[in-house]
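J.: Please find model10.cif (mmCIF, C-alpha atoms and all ligand atoms) on the next line:
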```cif
data_data
#
loop_
_atom_site.label_atom_id
_atom_site.label_comp_id
_atom_site.auth_asym_id
_atom_site.auth_seq_id
_atom_site.Cartn_x
_atom_site.Cartn_y
_atom_site.Cartn_z
CA MET A 1 83.56 35.30 -58.03
CA CYS A 2 84.36 37.18 -54.85
CA ASP A 3 81.55 39.59 -53.91
CA THR A 4 83.50 41.09 -51.02
CA CYS A 5 86.64 42.51 -52.59
CA GLY A 6 85.86 42.04 -56.29
CA CYS A 7 89.26 40.40 -56.88
CA GLY A 8 87.88 37.90 -59.39
CA HIS A 9 88.83 34.81 -57.35
CA GLU A 10 86.54 32.32 -55.75
CA HIS A 11 86.89 32.48 -51.98
CA LYS A 12 85.66 29.86 -49.60
CA VAL A 13 84.28 31.56 -46.52
CA ILE A 14 84.98 29.67 -43.31
CA ASP A 15 83.41 31.06 -40.17
CA VAL A 16 86.37 30.49 -37.87
CA ASN A 17 84.58 31.89 -34.84
CA GLN A 18 81.69 29.48 -35.26
CA SER A 19 83.90 26.40 -35.59
CA LEU A 20 86.05 27.48 -32.61
CA LEU A 21 82.94 27.91 -30.47
CA LYS A 22 81.59 24.55 -31.63
CA ALA A 23 84.84 22.78 -30.67
CA ASN A 24 84.74 24.60 -27.33
CA ASP A 25 81.14 23.58 -26.67
CA GLU A 26 81.86 19.94 -27.43
CA ALA A 27 84.78 19.89 -25.01
CA ALA A 28 82.68 21.77 -22.43
CA TYR A 29 80.01 19.08 -22.68
CA ALA A 30 82.65 16.41 -22.07
CA ASN A 31 84.12 18.37 -19.12
CA ARG A 32 80.69 18.75 -17.47
CA LYS A 33 79.96 15.03 -17.92
CA HIS A 34 83.33 14.20 -16.41
CA PHE A 35 82.76 16.54 -13.41
CA ASN A 36 79.27 15.09 -12.89
CA GLU A 37 80.57 11.53 -12.91
CA GLU A 38 83.09 12.43 -10.22
CA GLY A 39 80.62 14.49 -8.14
CA ILE A 40 82.63 17.70 -8.54
CA LEU A 41 81.10 21.18 -8.50
CA ALA A 42 82.94 23.32 -11.07
CA VAL A 43 82.88 27.08 -10.52
CA ASN A 44 84.07 29.55 -13.16
CA LEU A 45 85.07 32.98 -11.78
CA ILE A 46 85.10 35.82 -14.26
CA SER A 47 85.84 39.54 -13.87
CA SER A 48 87.99 42.40 -15.08
CA PRO A 49 91.67 42.25 -14.04
CA GLY A 50 92.12 42.95 -10.36
CA SER A 51 88.49 42.73 -9.19
CA GLY A 52 89.51 40.30 -6.46
CA LYS A 53 89.08 36.78 -7.87
CA THR A 54 92.24 35.29 -6.35
CA THR A 55 91.65 37.12 -3.07
CA LEU A 56 88.14 35.69 -2.87
CA LEU A 57 89.57 32.23 -3.55
CA GLU A 58 92.14 32.67 -0.78
CA LYS A 59 89.38 33.62 1.68
CA THR A 60 87.20 30.73 0.49
CA ILE A 61 90.06 28.26 0.95
CA ASP A 62 90.71 29.59 4.48
CA ALA A 63 87.05 29.01 5.33
CA LEU A 64 86.57 25.61 3.68
CA LYS A 65 89.80 23.72 3.21
CA HIS A 66 89.27 21.51 6.27
CA GLU A 67 85.66 20.75 5.29
CA ILE A 68 85.87 19.93 1.58
CA GLY A 69 88.39 19.03 -1.12
CA ILE A 70 89.32 22.06 -3.21
CA GLY A 71 91.38 22.34 -6.39
CA VAL A 72 92.05 25.40 -8.52
CA LEU A 73 92.78 26.04 -12.18
CA GLU A 74 94.29 29.50 -12.58
CA GLY A 75 93.89 31.21 -15.94
CA ASP A 76 96.26 34.00 -16.93
CA ILE A 77 97.94 35.28 -20.06
CA GLU A 78 101.38 34.97 -18.44
CA THR A 79 103.00 33.98 -15.11
CA GLU A 80 102.44 31.43 -12.37
CA LEU A 81 101.72 34.12 -9.73
CA ASP A 82 98.10 33.29 -8.92
CA ALA A 83 98.71 29.53 -8.77
CA GLU A 84 101.56 30.21 -6.31
CA ARG A 85 99.20 32.25 -4.11
CA ILE A 86 96.74 29.34 -4.03
CA ARG A 87 99.43 26.72 -3.32
CA LYS A 88 100.60 28.81 -0.36
CA LYS A 89 97.15 28.14 1.10
CA GLY A 90 97.83 24.39 0.91
CA VAL A 91 95.54 23.68 -2.02
CA PRO A 92 96.62 22.14 -5.35
CA ALA A 93 96.62 24.57 -8.24
CA VAL A 94 97.49 24.36 -11.92
CA GLN A 95 98.39 27.52 -13.80
CA LEU A 96 96.92 27.67 -17.28
CA THR A 97 98.72 30.31 -19.33
CA THR A 98 96.96 31.21 -22.54
CA GLY A 99 100.00 32.93 -24.11
CA GLY A 100 97.90 35.91 -25.18
CA ALA A 101 94.31 34.69 -25.42
CA CYS A 102 91.92 36.78 -23.33
CA HIS A 103 89.92 33.82 -21.97
CA LEU A 104 90.15 30.15 -21.06
CA ASP A 105 88.61 27.53 -23.31
CA SER A 106 87.27 24.13 -22.39
CA MET A 107 90.09 22.20 -24.11
CA LEU A 108 92.63 23.96 -21.86
CA VAL A 109 90.45 23.28 -18.81
CA HIS A 110 90.33 19.60 -19.77
CA LYS A 111 94.15 19.46 -19.83
CA GLY A 112 94.42 21.42 -16.59
CA PHE A 113 91.95 19.15 -14.83
CA HIS A 114 94.06 16.08 -15.64
CA LEU A 115 97.23 17.81 -14.41
CA LEU A 116 95.40 18.80 -11.23
CA LYS A 117 94.37 15.19 -10.64
CA LEU A 118 98.05 14.20 -10.66
CA GLN A 119 98.69 16.79 -7.90
CA LEU A 120 95.72 15.51 -5.88
CA LYS A 121 97.34 12.06 -5.58
CA GLY A 122 93.97 10.39 -4.96
CA LYS A 123 92.68 13.04 -2.53
CA ARG A 124 88.98 13.85 -2.85
CA LEU A 125 87.93 16.85 -4.93
CA ASP A 126 84.55 18.45 -4.16
CA VAL A 127 84.89 21.89 -5.71
CA LEU A 128 86.99 22.82 -8.72
CA PHE A 129 87.47 26.57 -8.99
CA ILE A 130 88.46 27.91 -12.38
CA GLU A 131 89.74 31.48 -12.22
CA ASN A 132 89.39 32.85 -15.72
CA VAL A 133 91.72 35.37 -17.37
CA GLY A 134 90.98 38.89 -16.10
CA ASN A 135 88.53 40.18 -18.69
CA LEU A 136 84.85 41.04 -18.48
CA VAL A 137 84.09 40.36 -22.16
CA CYS A 138 85.68 37.29 -23.81
CA PRO A 139 85.29 34.71 -20.98
CA SER A 140 81.51 35.20 -21.08
CA PHE A 141 81.37 33.59 -24.52
CA PHE A 142 83.13 30.34 -23.55
CA ASP A 143 81.39 27.58 -21.65
CA LEU A 144 84.08 25.63 -19.77
CA GLY A 145 81.76 22.88 -18.57
CA GLU A 146 81.23 24.64 -15.24
CA HIS A 147 78.08 24.27 -13.14
CA LEU A 148 78.27 27.71 -11.64
CA ARG A 149 79.48 30.92 -13.24
CA VAL A 150 80.25 33.77 -10.88
CA VAL A 151 81.03 37.27 -12.10
CA LEU A 152 82.80 39.79 -9.86
CA ILE A 153 82.49 43.55 -10.24
CA SER A 154 84.49 45.57 -7.74
CA VAL A 155 83.37 48.93 -6.37
CA PRO A 156 86.19 50.97 -8.03
CA GLU A 157 85.06 49.72 -11.48
CA GLY A 158 81.77 51.60 -11.16
CA HIS A 159 78.09 50.73 -10.89
CA ASP A 160 77.49 51.03 -14.65
CA LYS A 161 79.30 47.80 -15.53
CA PRO A 162 76.30 45.41 -15.75
CA LEU A 163 74.64 47.49 -18.49
CA LYS A 164 77.93 47.92 -20.37
CA TYR A 165 78.96 44.25 -20.12
CA PRO A 166 75.60 42.46 -20.20
CA LYS A 167 76.79 39.08 -21.46
CA ALA A 168 78.80 38.46 -18.28
CA ILE A 169 75.70 39.19 -16.19
CA LYS A 170 73.29 37.24 -18.37
CA THR A 171 75.39 34.06 -18.40
CA SER A 172 76.25 34.04 -14.67
CA GLN A 173 74.28 32.63 -11.75
CA ALA A 174 75.87 34.90 -9.16
CA LEU A 175 77.28 38.43 -9.02
CA ILE A 176 79.82 39.30 -6.34
CA ILE A 177 80.10 43.05 -5.76
CA SER A 178 83.60 43.00 -4.35
CA LYS A 179 85.64 45.56 -2.35
CA SER A 180 82.51 46.84 -0.58
CA ASP A 181 84.83 48.43 2.03
CA LEU A 182 85.68 51.00 -0.67
CA VAL A 183 82.11 52.29 -1.11
CA PRO A 184 82.75 55.42 1.05
CA HIS A 185 85.58 56.44 -1.29
CA PHE A 186 83.71 56.17 -4.61
CA ASP A 187 80.49 57.52 -6.12
CA PHE A 188 79.10 54.03 -6.25
CA ASP A 189 75.34 53.45 -6.34
CA MET A 190 74.77 50.02 -4.78
CA GLU A 191 71.02 50.04 -5.43
CA LYS A 192 71.48 50.92 -9.09
CA ILE A 193 74.03 48.19 -9.82
CA LYS A 194 71.72 45.59 -8.26
CA LYS A 195 68.64 46.89 -10.10
CA ASP A 196 70.48 46.92 -13.46
CA ALA A 197 71.96 43.46 -12.93
CA LEU A 198 68.56 41.99 -12.02
CA SER A 199 66.94 43.66 -15.02
CA LEU A 200 69.35 41.65 -17.20
CA ASN A 201 69.12 38.45 -15.17
CA PRO A 202 66.26 38.26 -12.63
CA ARG A 203 67.53 34.96 -11.16
CA LEU A 204 70.98 36.32 -10.34
CA LYS A 205 72.19 35.84 -6.75
CA ILE A 206 73.92 39.06 -5.67
CA ILE A 207 76.37 39.20 -2.77
CA GLU A 208 78.32 42.24 -1.57
CA THR A 209 81.72 41.19 -0.25
CA SER A 210 84.83 42.68 1.25
CA ALA A 211 88.00 40.69 1.72
CA LYS A 212 89.16 43.46 4.09
CA THR A 213 86.22 43.59 6.53
CA GLY A 214 84.86 40.08 5.86
CA GLU A 215 81.46 41.46 4.84
CA GLY A 216 79.44 38.96 2.81
CA LEU A 217 82.00 36.15 2.99
CA ASN A 218 79.72 33.92 5.09
CA GLU A 219 76.87 34.50 2.67
CA TRP A 220 79.18 33.53 -0.21
CA ILE A 221 80.38 30.38 1.56
CA ASN A 222 76.79 29.37 2.42
CA PHE A 223 75.73 29.91 -1.17
CA LEU A 224 78.60 27.74 -2.38
CA ILE A 225 77.86 24.94 0.10
CA HIS A 226 74.18 25.03 -0.85
CA ARG A 227 75.14 24.63 -4.54
CA LEU A 228 77.54 21.82 -3.69
CA HIS A 229 74.83 19.84 -1.93
CA ARG A 230 72.21 20.47 -4.56
N1 LIG B 1 90.07 47.15 -0.52
C1 LIG B 1 89.96 45.91 -1.00
N2 LIG B 1 90.92 45.43 -1.80
C2 LIG B 1 90.77 44.18 -2.28
C3 LIG B 1 89.66 43.36 -1.98
N3 LIG B 1 89.79 42.19 -2.63
C4 LIG B 1 90.95 42.27 -3.31
N4 LIG B 1 91.55 43.45 -3.11
C5 LIG B 1 92.83 43.91 -3.67
O1 LIG B 1 92.68 44.04 -5.08
C6 LIG B 1 93.90 43.71 -5.73
C7 LIG B 1 93.65 42.67 -6.81
O2 LIG B 1 93.16 41.48 -6.20
P1 LIG B 1 93.28 40.06 -6.89
O3 LIG B 1 92.59 39.10 -6.00
O4 LIG B 1 94.69 39.76 -7.26
O5 LIG B 1 92.43 40.29 -8.21
P2 LIG B 1 92.20 39.28 -9.44
O6 LIG B 1 90.81 39.50 -9.91
O7 LIG B 1 92.57 37.91 -9.05
O8 LIG B 1 93.24 39.86 -10.51
P3 LIG B 1 93.70 39.16 -11.90
O9 LIG B 1 93.95 37.72 -11.62
O10 LIG B 1 94.93 39.91 -12.27
O11 LIG B 1 92.58 39.38 -12.86
C8 LIG B 1 94.85 43.23 -4.65
O12 LIG B 1 95.70 44.30 -4.31
C9 LIG B 1 93.94 42.89 -3.50
O13 LIG B 1 94.53 43.00 -2.23
C10 LIG B 1 88.66 43.90 -1.09
O14 LIG B 1 87.66 43.28 -0.77
N5 LIG B 1 88.87 45.18 -0.65
MG MG B 2 93.87 36.57 -9.97
#
```
Have the structure of the file written as C-alpha cells, please.
Ligand SMILES: Nc1nc2c(ncn2[C@@H]2O[C@H](COP(=O)(O)OP(=O)(O)OP(=O)(O)O)[C@@H](O)[C@H]2O)c(=O)[nH]1
Ligand SMILES: [Mg+2]
T.:
Amino acid sequence: MCDTCGCGHEHKVIDVNQSLLKANDEAAYANRKHFNEEGILAVNLISSPGSGKTTLLEKTIDALKHEIGIGVLEGDIETELDAERIRKKGVPAVQLTTGGACHLDSMLVHKGFHLLKLQLKGKRLDVLFIENVGNLVCPSFFDLGEHLRVVLISVPEGHDKPLKYPKAIKTSQALIISKSDLVPHFDFDMEKIKKDALSLNPRLKIIETSAKTGEGLNEWINFLIHRLHR
C-alpha cells in the first residue's frame, strides 16, 4: 500500500540518484586507475559559466605546451566552441556535449578520453584537463576520476560564493580567484573570500589570477608542475 499518495497501489521505490551516483563512482574509479597506469595527471576545472576556465586553459597551454603533453576534454551543454579555442592553440581537444545535463559524468569522460587518444596519435600525454560544464553546483557531486579538482570563482561573481556553494570548495584542492584585474571595479573583499574558503577547506590552495595582467599565472603553473611531479 502506497504511504506517499494513498493511491492503494504498491510502489517500488528506486533511488535513481543513488544508483546514478554509484555507476558514476565505479566509472570514476576505472578512469583514475587508467590515468594512473599511463602516468597522466587529470585535472577537473569547475566554475560558474564564464568565470574564465577556457581562458585559463589557453594561458596554461601557452606556458606549457612545449614542456609537457597536454590534452583537453571540453564539457558543454551545446556547441564545439571551447574545443575549437583549444585546438587553435595546437593542443588536441574533444568536445563532450551533454545535451542538457548540467555536469560531466565519468562515463562520458571515459568515452572522451578514448577519442582524445585517437587524436594524440601516440604522442605523450602528461596532463589531461577536463573543463566541466559551467555550473558551480552539479559538477561538485560527480567524481570524474580526476586527481586534482580546481574551482574558479571570478571577481564579478562576488566574494560570498564559497559560503553559498560550499560543496565546490570542500571537494576541490585549489581555488582560483580569477579576473583579479577587475577588483578595482567591484566591491570585492579578497580577504573575506579567502577566509571563508579556508574555513570550509583548510587545505585549499588559493591563487589569485588575471588572464589580462598575467597576475598569478606563474604561481598556477608552478602549482600544476609540482602536482604533476608528485
Ligand atoms: N577581465 C578579465 N576577463 C577575463 C579573464 N579571464 C577570462 N575573462 C573573460 O571572461 C569571459 C569568459 O571567459 P571563458 O574563459 O570563456 O569562461 P569559461 O569559464 O570557460 O566559460 P564557460 O565555458 O561558458 O563556462 C571572456 O570574455 C574572457 O575574455 C580575466 O582574467 N580578466
Ligand atoms: Mg569554457
J.: Taking only C-alpha atoms and all ligand atoms and a cut-off of 12 Å, can you tell me which residues surround ligand MG 2 (chain B), written as a PyMOL selection string?
T.: chain A and resi 45-58+72-86+95-96+129-135+152
J.: Return the single residue from A:Ile68, A:Val183, A:Leu144, A:Ala197 that is closest to Lys164 (chain A), with distances computed using all atoms listed in the file.
T.: A:Ala197
J.: Which residue is closest to ligand LIG 1 (chain B)? Choose from A:Phe142, A:Phe186, A:Phe223, A:Phe35 and count all atoms listed in the file.
T.: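 Closest candidate: A:Phe186.
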J.: Using only C-alpha atoms, pick whichever of A:Val109, A:Lys123, A:His103, A:Pro184 has the shortest atom-to-atom distance to Leu136 (chain A).
T.: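 Looking only at the distances to Leu136 (chain A), the closest residue turns out to be A:His103.
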J.: For Ser199 (chain A), work out the shell of residues within 12 Å, counting only C-alpha atoms and skipping chain neighbours fewer than 6 positions away, then give it as an MDAnalysis selection string.
T.: chainID A and resid 162:163 166 169:170 192:193
J.: If you measure from CA of His110 (chain A) to CA of Ala27 (chain A), what distance in Å do you get, rounded to one decimal?
T.: 7.6 Å
J.: Give the answer as one residue: which of A:Ser154, A:Lys195, A:His229, A:Asp187 has the shortest atom-to-atom distance to ligand LIG 1 (chain B), using only C-alpha atoms and all ligand atoms?
T.: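 Using only C-alpha atoms and all ligand atoms, the shortest distance to ligand LIG 1 (chain B) belongs to A:Ser154.
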